[in-house]
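Participant: I'd like to ask some things about the structure below.
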Protein chains: 2
Amino acid sequence: MTDLSYLACARKLLAARPRLYPQFATHNALTVASVIEDAGGVDGYEFQRLHGMGEALYKALRQKYPAAPCRIYAPVGGHADLLAYLVRRLLENGANSSFVALAGDTSIPIAHVLERPQDAIGRASRARNPRIVLPHDLYAPERANSSGVEFGDRVERAQLLSDISRDALADATTAPLIDGVLRPGVERPVLSPFSRAAVGRVREADRATAAAAMTAAQAGFAAWSAMSVATRADILSHAGDLIEAERGRLIALLQTEGGKTLDDSLSEVREATDYCRYYAAQARQSLAPQPTPGPTGESNELTYRGRGVFVCISPWNFPLAIFTGQVVAALAAGNAVVAKPAEQTPLIGFEAVRLLHRAGVPAGALQFVPGDGAIGAALVEDLRVAGVAFTGSTEVGRRINRALAAKDGPIVPLIAETGGINAMIADATALPEQITDDVITSAFRSAGQRCSALRLLCVQADVADKVVAMIAGAARELALGDPRDPSTHVGPVIDLEAREKLMAWIARHEAQGRVRFRWDRDRPLPATGLFVPPTIIELERARDLTEEVFGPVLHVVRWRPSALDALLGDIAGTGYGLTLGIHSRIDATVRRIVARLSNGNVYVNRSMIGAAVGTQPFGGSGLSGTGPKAGGPNYLHRFALEQVVTVNTAAAGGNAALLSGGDDRP
Amino acid sequence: MTDLSYLACARKLLAARPRLYPQFATHNALTVASVIEDAGGVDGYEFQRLHGMGEALYKALRQKYPAAPCRIYAPVGGHADLLAYLVRRLLENGANSSFVALAGDTSIPIAHVLERPQDAIGRASRARNPRIVLPHDLYAPERANSSGVEFGDRVERAQLLSDISRDALADATTAPLIDGVLRPGVERPVLSPFSRAAVGRVREADRATAAAAMTAAQAGFAAWSAMSVATRADILSHAGDLIEAERGRLIALLQTEGGKTLDDSLSEVREATDYCRYYAAQARQSLAPQPTPGPTGESNELTYRGRGVFVCISPWNFPLAIFTGQVVAALAAGNAVVAKPAEQTPLIGFEAVRLLHRAGVPAGALQFVPGDGAIGAALVEDLRVAGVAFTGSTEVGRRINRALAAKDGPIVPLIAETGGINAMIADATALPEQITDDVITSAFRSAGQRCSALRLLCVQADVADKVVAMIAGAARELALGDPRDPSTHVGPVIDLEAREKLMAWIARHEAQGRVRFRWDRDRPLPATGLFVPPTIIELERARDLTEEVFGPVLHVVRWRPSALDALLGDIAGTGYGLTLGIHSRIDATVRRIVARLSNGNVYVNRSMIGAAVGTQPFGGSGLSGTGPKAGGPNYLHRFALEQVVTVNTAAAGGNAALLSGGDDRP
């Protein structure tokens, strides 16, 4: 397929002569012959060969086409630049399928070596390698993967943009939704972090409304929990389909209310879809009644049932995905849910609730209570709470834990996913270009407003200057602006408070002479919207970073190989344990770091954001959360009660199993 | 096999003539012929047949042996007595393998009908039905079941008793064991609840020693958690073998220090053994690294690691089994452990720790800290605690939860197994004899000192008088006394405080005229030891029982079918949800009760104690505990951290998986 693509490109290049002067660097005789055939001769382009290689081929070519130009080239440069080039050449030459290898093998007939790729493949329908699973089937047969968009495909992208603008809301409103009825509340506008205009209105719940939601959910629990796991799973999986079908409207809201870029918004819709399908599939598998082994005359079965009313409190940074994930997990396990969206993003949460109801979740099983932190606290303090799922700051998580413990009722589960001071450790063997790409994505995408985002790059001192310069250069190219514009890389931060806190942080380090890069040093930030410039701050030691800076601010420290253990100790010493990046080509180094650090999600030689449901179950340790991991195989059990029912099957007067088992003997 | 046993018994009876006059009630012609053959005639015994059945057989018999006596009988009695008899007859006659059914089937050759059972079986080695799994293999291939003793087999029982007396300790001492070294502490005697004499001495830890244990465990964590899951599992499974091998010594201690009867002591040794083997097997299965599906070019693996130092606080009522279960689960998941035994039973806990160390658990990974509640509190409050496993009272569980929440560190897991007000619901369709047996076992065995013990019998009013009278009659036959005597049913309660509390409870209800039975009404309690008389107290309503009465005291309430829902509401309303018994022959009633009540362990038509590891994973809901269930498939995960490691396998310059995957096309 590579050869075929090469020839197709060659044809396009040759057709553009003389405006283009194509140069074909190849040691493949079939390619050379094909190019001459397609070019109709040897004019208007040239061949190239590597000094010391391909001599026989081009000697033969010159005999037949003395006029064919062939440039001889040789790579020149430093070790750092040449290493990657040579590795690639070695891989190419070492591959059994390479032309050079085939041509040198006398046991292979010439006809096979010279078989044109289009003939080898035959027809287009055979072009795909069936061993490579298509994205949609990545998780088959358990569930369908959510649909992505190939942004490089202009048709696909245009379709997505048209879906979004068609479905965009003129204005949205939301209010407490209790037993399917909208309730009154103090109304206020919801402001866009980009335009600062109202994108909708929210009526917020008061304590009485929160209590009413608990009452309604408790009443709704009975019917929902009595449904079979399979029925609940069908409904929730259907909700995933509805979310996917409504992506235009949801992306429009994510952009206007959440200030999210196009790619982030699409990823979030996908994640919400995946949560629905994943938890539905998990429920079918892991919450189904499970017989346990035991003696004859007795049946034993472990079953799972809902705990009662779960309170789900979600953050603004994934107002659709995390909101949906918590709610669907709690529902899948048979609980009724009271869902409180983040204060900043009630509109998108409301949309999710409406889609869940439309999919078949009874109104009584899912109540929606928009409001601020005080309403969240009121819900948590309610004596009827059977469990809490919370994603947000470590401090609020701790307060919830204390409020739950203060009550005299049962000890109820708190599933908390909280902050992180996420580090990436890069050593001198890593490819600087790759570090740069992954740092830009990890630290600045989503304006750094992901729990998983990179906060602290720890780069080996020997390569630090070069790597930091390269990252700064790439960060300079980031486009800040309207998140609805597909070319925007970095949108606004969520609200004024967040912006002020981040700008003060940057200013403080600027005053200390620690800022190595700042996007707005020689140009203004976008005129409207709550923008924070991507910034690089260099610190003395890893332990100097003691708080989570939730925005596009990357901190850098340098480390010497002799002090790696001390660095790992500093990282562990933060007490957080969410994500961790490692860039190294030495497996032993990777193993050593992983063995020392118990961060929940470790990413090696790639970016450290974008955990996919079921592939990278997400969640940290220590101050970063309680576990179990969201989107992982152990999550649902924490939402459920276990019950074992033991029946004396011989009580009726005999052991029917033994009678019907027969009495065959060996 | 039944026929063969019958004939063997017949032979023994006939041999005892004339001191015995055997009577053979049979409609089986082969049996009749065999008896005559064995008897050498028809003298000195008689046959019997049921009026209206077997007429042809005995007519034929009389023709050949006119002197053969045959008595004709008919059952006479009330419906209640005859029902069970008729059901049994129906089952017998309905069985395809019954002689009557075979003889009536003309397609079956006479030779087959008359084949003697000894010929059908052939030889002794073929006697066992291979479809019936032997007790040892009940959980194969994952693990071996612990070894039991057939108490009816005098040889087996004698061997057990000789093991116990041989290994009994003259005197035992224990002390804080930190990094394998015994530490000083304030020494006091350990008193036997039966003899009230010192059975050993304990040096109790102070706060400084508790802190030293935490320090040592934290240091020991690294090496233990770095071991592979398989290595840890091997060590823990080996510990199970050692516990089984040391059963004599352990039973001796359980009897003297814990006041446990022989059967309870043996069960407890078995449970401890099973915990070791079960958690080892579970660790191998469920804590092994688990790849997750994802796109090519990336590897994703979910792994489990220890959290750090677990504090395990266990109760005196299962001083070996629960102690060992907690510790082994925490160790299996890779944690270091600081174990605090109950104040009343430090000696047996110490034995378990020594066996675990002998099995290969490093001294640093398991620290032993005997002491009272204040030492438990000191351990829980330590900032280094990564998790707590606790079994004990609901009130102490709540205090531990608050102490953990009060700290500023991470939110750590608390696995609490606490109290219960365990009810049994019996309706009028249940067999009174069966209810009685199961109530006696559930309420009075272990002197009612099990978390699972029955506290509240709810019996349908229509049969209540009869059932309560039958239970009282059976309770009267219970033997109270020295727990070392194999004939003892009920031993002492654990300490003076427990006895006084229970006696006051009984006295209070005696004053109210509510005591329906009291073992010591017409005879004295044993002269030495802390005995509490098995007692039956009748209450007005289920909700009158508002606390857990931890001793041999059964409360009874009556219910009318029209008020079943109210009764279930009362039971749910206690807030506890540990064990639940149901006695009914109506499946719909059983289903209705189970649907309404979320008790962790439900037992239908059997006793409600004695949950077996892996068969009846144990633990309740609500005020009865947090879950996950001990001895169940979800327990270990709560002790472990989840970590996902994602590796970009294409970072080195190419996707080797795709290259090696080949390019075959359909």
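Starting from 1 in every chain, residues are counted up; chains themselves are A, B, ... following the order of the structure tokens, and ligands are numbered from 1 as listed.
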Can you list, as JSON, numbers by chain, every protein, DNA or RNA residue that comes within 10 Å of Gly420 in chain A when you count only C-alpha atoms, leaving out same-chain residues fewer than 3 positions away?

Facilitator: {"A": [393, 394, 417, 423, 450, 451, 452, 453, 454, 455, 547, 548, 549, 550, 574, 575, 576, 577, 578, 579, 580, 599, 620, 621, 622, 623, 624, 625]}

Participant: Identify, on the basis of only C-alpha atoms, every residue whose closest approach to range 639-655 of chain B does not exceed 6 Å; exclude the query and any residue fewer than 6 positions from it along the same chain; express the result as a ChimeraX atom specification.

Facilitator: /A:600-606 /B:297-307,330,333

Participant: Nearest to Ala498 in chain A among A:Thr418, A:Thr528, A:Thr273, A:Asn317, with distances taken over only C-alpha atoms: which residue is it?

Facilitator: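 The closest residue to Ala498 in chain A is A:Asn317.
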
Participant: If you run DSSP on the backbone here, which positions in range 297-441 of chain A get alpha helix (DSSP H)? Please write them as an MDAnalysis selection string.

Facilitator: chainID A and resid 321:332 346:359 373:381 394:406 432:441

Participant: Which neighbours of range 81-86 of chain B fall inside 10 Å, counting only C-alpha atoms, when residues of the same chain fewer than 4 positions from it are skipped, and could you give them as a ChimeraX atom specification?

Facilitator: /A:652-653 /B:75-77,90-92,431

Participant: Please provide the set of residues having any atom within 10 Å of Ala595 in chain A, restricted to only C-alpha atoms, with same-chain residues fewer than 5 positions apart removed, written as a count of residues only.

Facilitator: 6

Participant: With distances taken over only C-alpha atoms, which of B:Arg49, B:Arg398, B:Arg143, B:Arg596 is nearest to Thr626 in chain B?

Facilitator: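 Once distances to Thr626 in chain B are computed over only C-alpha atoms, the minimum belongs to B:Arg398.
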
Participant: I'd like to know which of A:Gly419, A:Gly334, A:Pro295, A:Pro315 is closest to chain B, using only C-alpha atoms.

Facilitator: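 The closest residue to chain B is A:Pro295.
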